[in-house]
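First up is the structure itself, then whatever we jot down about it.
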Amino acid sequence: MAPVAEPHLFVVLGATGDLAQRKLLPALFQIHRRGEMPAGSAVLGAARKPMSDGEFQRLAQESLTHFGGEAAPGEADLWCTGSLRFQSLGAGGPSEYAALAARVAAVEKEFGLSGNRVFYLALPLEAFGPTIEALGQAGLSKGPGWTRLVIEKPFGRDLESAVDLNTLVHRHFDEGQVYRIDHYLGKETVQNLLVLRFANMFVNSLWGRNFVEHVQITVAESLGLEGRAGYYEQAGALRDMVQNHVTQVLSLIAMEPPSSFEADAIRSEKVKALQSIRPLRPSDVVFGQYGPGKVDGAPVIGYQQEPGVAKGSTTETYVALRMTVANWRWQGVPFLVRTGKRLPAKATQVVLTLRAPPVSLFPLPEDYALNPDRLILMLQPDEGVEIAFEIKVPGRSVRLQTQRMRFHYADVFGPLSDGYETLLVDVMLGDATLFVRADEVEASWRLYDPVLSDRPKVATYPAGSDGPVEADQLAEAAGCRWYEPRRSGGS
Ligand code: BG6
């Protein structure tokens with residue numbers, strides 16, 4: 001039987017913001033619908049704006065209409081009025097946080113709760129420090145029951161700021177109370193990387209330098225800025241995608257088998273894998289920025305023309321990296337990693353290209369190059385696993401052709417849930433396996449700090465293309481070519 005969480009108060013700081021409205025409240029609602037929200041639990045929204053409980057409930061109802069997924073008529077409204085409350089934080093001073101503490105106690109009394117609390121910081125990076133400090137000062141870091149703190153990405157802007165933020169967090173909270181969230185870890189297919197590797201001997205036996213020629217990770221998006229220039233101009237693709245989402249996928253591929261399925265056993269192996277990565281040299285990094293072009297046949301503007309982008313901005317919207325995981329398993333196997341906005345289609349995939357057979361037995365026509373076998377892990381949107389391999393074309397002469405064996409999640413299980421639902425339930429249960437530990441976030445920043453302080457020149461690529469030609473040259477220098485995802489559209 002699935003474990004059941006204890007009743008609690010789920011406090012969302014930044015409850016009127018985009019993340020809370022688009023992702024968190026809809027995820028909490030779906031958790032409630034599935035019966036996984038412990039009975040009697042409540043949600044307390046908090047934000048600077050003054051707002052009554054009723055106004056917040058109406059705002060949440062509107063969000064659920066747009067983003068809440070399937071529900072019976074009236075179900076969302078009933079949940080909002082029954083379970084949501086709101087507390088204004090005004091200017092965020094000590095008296096406002098004292099009022100928050102009083103409201104937390106009052107809502108717990110109203111719902112008959114015993115003092116288990118989640119504080120979710122759905123806030124911009126610059127608000128994390130002051131909010132954590134204020135929660136601590138208001139006595140909210142410890143409560144009558146358990147208290148858990150969830151911190152969104154980005155956790156810091158570089159190694160130094162991440163270390164400072166960890167120090168501040170640990171002044172008020174024990175590491176065991178802290179859940180640094182990376183929504184990629186909540187994706188079923190990202191978790192499936194562990195199952196694929198450690199529950200299947202045929203996969204496990206291939207996994208490493210003896211059979212793998214190179215590893216590629218692609219996290220492509222066709223979306224552009226989506227009105228987020230204020231944030232993105234300060235972040236860029238390295239901070240927005242690589243330091244967190246892409247590095248999480250990378251560490252799950254590169255890590256050694258953990259001693260158990262416990263949170264710390266897995267997280268320690270991930271940290272070790274990150275620590276084995278050689279420092280990046282300038283020649284290992286390509287930055288790009290999209291210019292005007294066409295996505296899905298429709299013309300789109302370039303990054304420089306996006307509203308809110310500074311004239312002459314050199315913010316990168318594309319990053320390609322060549323990485324070396326210098327451990328016994330992976331030494332000598334290039335890891336090629338890329339992510340970008342305004343690429344032809346949304347696709348996250350990992351491709352392990354296997355070594356060629358040592359001797360070719362078959363007389364091949366001049367125009368046929370033997371394709372290496374590939375293991376293709378499609379993480380989204382067309383989730384599944386494929387194996388590409390050579391077969392003999394029927395007939396008297398020996399002719400080869402590449403074919404694929406496919407498993408698609410959608411064929412067997414239907415649509416997969418958003419990562420947030422999984423992760424929020426894990427917070428409620430106190431399972432930190434899919435969250436990023438303090439040393440892990442620092443190990444990740446340590447990798448990218450040199451790139452941030454010595455930023456490469458930014459190449460341009462037309463929106464809708466596969467990225468800058470410099471990224472192709474990077475792959476060629478590593479002795480390979482990018483393996484393009486199959487295009488199935490989407491964002
Ligand atoms: C977010 C980034 O963390 O992840 C966005 O800030 C990006 O820029 C998004 O679009 C991608 O997430 P997903 O789940 O759509 O791949």
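A note on labels: chains of the structure tokens are A, B, ... as shown, every chain counts residues from 1, and ligands are counted from 1 in their shown order.
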
Worksheet entry | Surrounding residues of A:Gln216 excluding itself and chain neighbours under 2 positions, 12 Å, only C-alpha atoms, as an MDAnalysis selection string | chainID A and resid 212:214 218:219 246 249:250 253:254 320:323 333:339 348:354 374:378 475 478 480:485

Excluding stretch 25-29 of chain A and residues on its chain fewer than 2 positions from it, collect all residues at most 10 Å away from it, counting only C-alpha atoms, and give them as an mmCIF file with C-alpha atoms, in the first residue's frame.
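Saved file around10.cif follows:
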data_model
loop_
_atom_site.group_PDB
_atom_site.id
_atom_site.type_symbol
_atom_site.label_atom_id
_atom_site.label_comp_id
_atom_site.auth_asym_id
_atom_site.auth_seq_id
_atom_site.Cartn_x
_atom_site.Cartn_y
_atom_site.Cartn_z
ATOM 1 C CA PHE A 10 0.854 23.714 3.329
ATOM 2 C CA VAL A 12 2.769 28.790 -0.177
ATOM 3 C CA ALA A 15 0.915 32.369 -3.653
ATOM 4 C CA LEU A 19 4.423 29.414 -10.422
ATOM 5 C CA ALA A 20 1.883 29.042 -7.624
ATOM 6 C CA GLN A 21 -1.056 29.722 -9.900
ATOM 7 C CA ARG A 22 0.070 27.677 -12.916
ATOM 8 C CA LYS A 23 1.752 24.738 -11.224
ATOM 9 C CA ILE A 31 -3.288 15.450 -5.235
ATOM 10 C CA HIS A 32 -6.494 16.179 -3.297
ATOM 11 C CA ARG A 33 -8.616 14.669 -6.102
ATOM 12 C CA ARG A 34 -6.567 11.473 -6.111
ATOM 13 C CA GLY A 35 -7.150 11.164 -2.375
ATOM 14 C CA GLU A 36 -3.440 11.598 -1.592
ATOM 15 C CA MET A 37 -3.894 14.826 0.376
ATOM 16 C CA VAL A 43 -3.337 25.440 2.209
ATOM 17 C CA GLY A 45 -1.388 31.271 0.593
ATOM 18 C CA ALA A 60 -7.241 30.082 -7.336
ATOM 19 C CA GLN A 61 -10.555 29.000 -8.892
ATOM 20 C CA SER A 63 -6.228 29.248 -12.194
ATOM 21 C CA LEU A 64 -7.742 25.820 -11.721
ATOM 22 C CA THR A 65 -10.142 26.498 -14.582
ATOM 23 C CA HIS A 66 -7.137 27.061 -16.850
ATOM 24 C CA PHE A 67 -4.494 24.733 -15.433
ATOM 25 C CA GLY A 68 -6.274 22.432 -12.969
ATOM 26 C CA GLY A 69 -6.780 19.448 -15.268
ATOM 27 C CA ALA A 71 -12.407 17.671 -12.405
ATOM 28 C CA GLU A 75 -15.191 20.244 -7.472
ATOM 29 C CA ALA A 76 -12.442 22.869 -7.745
ATOM 30 C CA TRP A 79 -11.817 22.615 -2.661
ATOM 31 C CA CYS A 80 -10.807 26.291 -2.896
ATOM 32 C CA SER A 83 -9.213 24.330 2.013
ATOM 33 C CA LEU A 84 -7.569 27.621 0.956
ATOM 34 C CA SER A 417 1.417 13.525 -14.654
ATOM 35 C CA ASP A 418 3.363 16.742 -14.205
ATOM 36 C CA GLY A 419 6.489 16.344 -12.055
ATOM 37 C CA TYR A 420 5.162 18.745 -9.447
ATOM 38 C CA GLU A 421 2.475 16.350 -8.220
ATOM 39 C CA THR A 422 5.022 13.628 -7.492
ATOM 40 C CA LEU A 423 7.375 16.029 -5.749
ATOM 41 C CA LEU A 424 4.721 17.696 -3.588
ATOM 42 C CA VAL A 425 3.517 14.313 -2.339
#

Discussion item. Just want the residues within 9 Å of ligand 1, written as JSON, numbers by chain, counting only C-alpha atoms and all ligand atoms.
Written reply: {"A": [153, 154, 182, 183, 184, 187, 219, 220, 221, 223, 224, 225, 226, 228, 231, 232, 236, 237, 239, 240, 241, 244, 245, 341, 346, 347, 348, 380, 381, 418, 419, 491]}

Worksheet item: Please, which residues of stretch 30-226 of chain A, numbered as in this document, come out alpha helix (DSSP H) from DSSP, as a VMD selection string?
Response: chain A and resid 30 to 33 53 to 67 75 to 83 94 to 111 125 to 137 159 to 172 188 to 198 201 to 206

Discussion item. I'd like the interatomic distance between atom CA of A:Ile132 and atom CA of A:Phe173, to a tenth of an Å.
Written reply: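 About the pair atom CA of A:Ile132 and atom CA of A:Phe173: they are 8.9 Å apart.
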
Practice prompt. Go through A:Gln30, A:Ala134, A:Val195, A:Pro282 and flag the residue nearest A:Ser453, using only C-alpha atoms for the distances.
Written response: A:Pro282

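Residue nearest A:Val427 within the list A:Arg48, A:Arg117, A:Arg103, A:His170: A:Arg117 [criterion: smallest interatomic distance, only C-alpha atoms].
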
Discussion item. Need the shell around A:Asp466: protein/DNA/RNA residues with any atom at most 9 Å away, counting only C-alpha atoms. Skip same-chain ones fewer than 4 positions apart. Format as a list in words?
Written reply: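 The filter keeps Ala220, Gly340, Arg342, Leu343, Pro344, Tyr461, Pro462 and Glu484 of chain A.
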
Go ahead and save the picked residues with all heavy atoms, as a PDB file, in the first residue's frame.
ATOM      1  N   ALA A 220      15.648  20.346 -25.596  1.00  0.00           N
ATOM      2  CA  ALA A 220      15.298  21.376 -26.580  1.00  0.00           C
ATOM      3  C   ALA A 220      13.900  21.909 -26.306  1.00  0.00           C
ATOM      4  O   ALA A 220      13.003  21.155 -25.923  1.00  0.00           O
ATOM      5  CB  ALA A 220      15.353  20.765 -27.979  1.00  0.00           C
ATOM      6  N   GLY A 340      18.421  24.542 -25.431  1.00  0.00           N
ATOM      7  CA  GLY A 340      18.199  25.838 -26.055  1.00  0.00           C
ATOM      8  C   GLY A 340      16.736  26.134 -26.206  1.00  0.00           C
ATOM      9  O   GLY A 340      15.886  25.240 -26.172  1.00  0.00           O
ATOM     10  N   ARG A 342      13.751  28.139 -28.629  1.00  0.00           N
ATOM     11  CA  ARG A 342      13.470  28.378 -30.059  1.00  0.00           C
ATOM     12  C   ARG A 342      14.224  27.399 -30.968  1.00  0.00           C
ATOM     13  O   ARG A 342      14.758  27.774 -32.016  1.00  0.00           O
ATOM     14  CB  ARG A 342      13.819  29.828 -30.448  1.00  0.00           C
ATOM     15  CG  ARG A 342      12.803  30.836 -29.936  1.00  0.00           C
ATOM     16  CD  ARG A 342      11.474  30.701 -30.635  1.00  0.00           C
ATOM     17  NE  ARG A 342      10.577  31.782 -30.326  1.00  0.00           N
ATOM     18  CZ  ARG A 342       9.283  31.616 -30.014  1.00  0.00           C
ATOM     19  NH1 ARG A 342       8.746  30.417 -29.964  1.00  0.00           N
ATOM     20  NH2 ARG A 342       8.517  32.652 -29.796  1.00  0.00           N
ATOM     21  N   LEU A 343      14.264  26.144 -30.531  1.00  0.00           N
ATOM     22  CA  LEU A 343      14.750  25.077 -31.406  1.00  0.00           C
ATOM     23  C   LEU A 343      13.519  24.518 -32.112  1.00  0.00           C
ATOM     24  O   LEU A 343      12.393  24.935 -31.817  1.00  0.00           O
ATOM     25  CB  LEU A 343      15.509  24.050 -30.566  1.00  0.00           C
ATOM     26  CG  LEU A 343      16.773  24.625 -29.891  1.00  0.00           C
ATOM     27  CD1 LEU A 343      17.448  23.593 -28.997  1.00  0.00           C
ATOM     28  CD2 LEU A 343      17.778  25.144 -30.916  1.00  0.00           C
ATOM     29  N   PRO A 344      13.660  23.592 -33.041  1.00  0.00           N
ATOM     30  CA  PRO A 344      12.502  23.217 -33.861  1.00  0.00           C
ATOM     31  C   PRO A 344      11.321  22.637 -33.078  1.00  0.00           C
ATOM     32  O   PRO A 344      10.183  22.824 -33.461  1.00  0.00           O
ATOM     33  CB  PRO A 344      13.070  22.170 -34.812  1.00  0.00           C
ATOM     34  CG  PRO A 344      14.528  22.377 -34.805  1.00  0.00           C
ATOM     35  CD  PRO A 344      14.900  22.962 -33.492  1.00  0.00           C
ATOM     36  N   TYR A 461      21.906  31.862 -33.785  1.00  0.00           N
ATOM     37  CA  TYR A 461      21.297  30.805 -34.604  1.00  0.00           C
ATOM     38  C   TYR A 461      19.885  31.262 -34.937  1.00  0.00           C
ATOM     39  O   TYR A 461      19.239  31.947 -34.130  1.00  0.00           O
ATOM     40  CB  TYR A 461      21.290  29.461 -33.860  1.00  0.00           C
ATOM     41  CG  TYR A 461      20.541  29.451 -32.531  1.00  0.00           C
ATOM     42  CD1 TYR A 461      19.232  28.963 -32.432  1.00  0.00           C
ATOM     43  CD2 TYR A 461      21.133  29.938 -31.373  1.00  0.00           C
ATOM     44  CE1 TYR A 461      18.557  28.939 -31.215  1.00  0.00           C
ATOM     45  CE2 TYR A 461      20.462  29.924 -30.153  1.00  0.00           C
ATOM     46  CZ  TYR A 461      19.177  29.423 -30.076  1.00  0.00           C
ATOM     47  OH  TYR A 461      18.511  29.416 -28.869  1.00  0.00           O
ATOM     48  N   PRO A 462      19.412  30.933 -36.132  1.00  0.00           N
ATOM     49  CA  PRO A 462      18.055  31.329 -36.478  1.00  0.00           C
ATOM     50  C   PRO A 462      17.045  30.552 -35.636  1.00  0.00           C
ATOM     51  O   PRO A 462      17.217  29.345 -35.437  1.00  0.00           O
ATOM     52  CB  PRO A 462      17.916  30.948 -37.954  1.00  0.00           C
ATOM     53  CG  PRO A 462      19.253  30.528 -38.407  1.00  0.00           C
ATOM     54  CD  PRO A 462      20.084  30.203 -37.217  1.00  0.00           C
ATOM     55  N   GLU A 484      19.668  14.137 -33.790  1.00  0.00           N
ATOM     56  CA  GLU A 484      18.492  15.001 -33.647  1.00  0.00           C
ATOM     57  C   GLU A 484      17.265  14.203 -33.203  1.00  0.00           C
ATOM     58  O   GLU A 484      17.020  13.113 -33.709  1.00  0.00           O
ATOM     59  CB  GLU A 484      18.177  15.724 -34.962  1.00  0.00           C
ATOM     60  CG  GLU A 484      19.284  16.662 -35.433  1.00  0.00           C
ATOM     61  CD  GLU A 484      19.699  17.694 -34.382  1.00  0.00           C
ATOM     62  OE1 GLU A 484      18.923  17.973 -33.457  1.00  0.00           O
ATOM     63  OE2 GLU A 484      20.824  18.210 -34.494  1.00  0.00           O
TER      64      GLU A 484
END

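Between atom CA of A:His8 and atom CA of A:Met428 lies a distance of 8.0 Å.
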
Fill in: Pick from A:Gly112, A:Gly302, A:Pro124, A:Pro94 nearest to A:Thr460, counting only C-alpha atoms
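Of the candidates, the smallest distance to A:Thr460 is held by A:Gly302.
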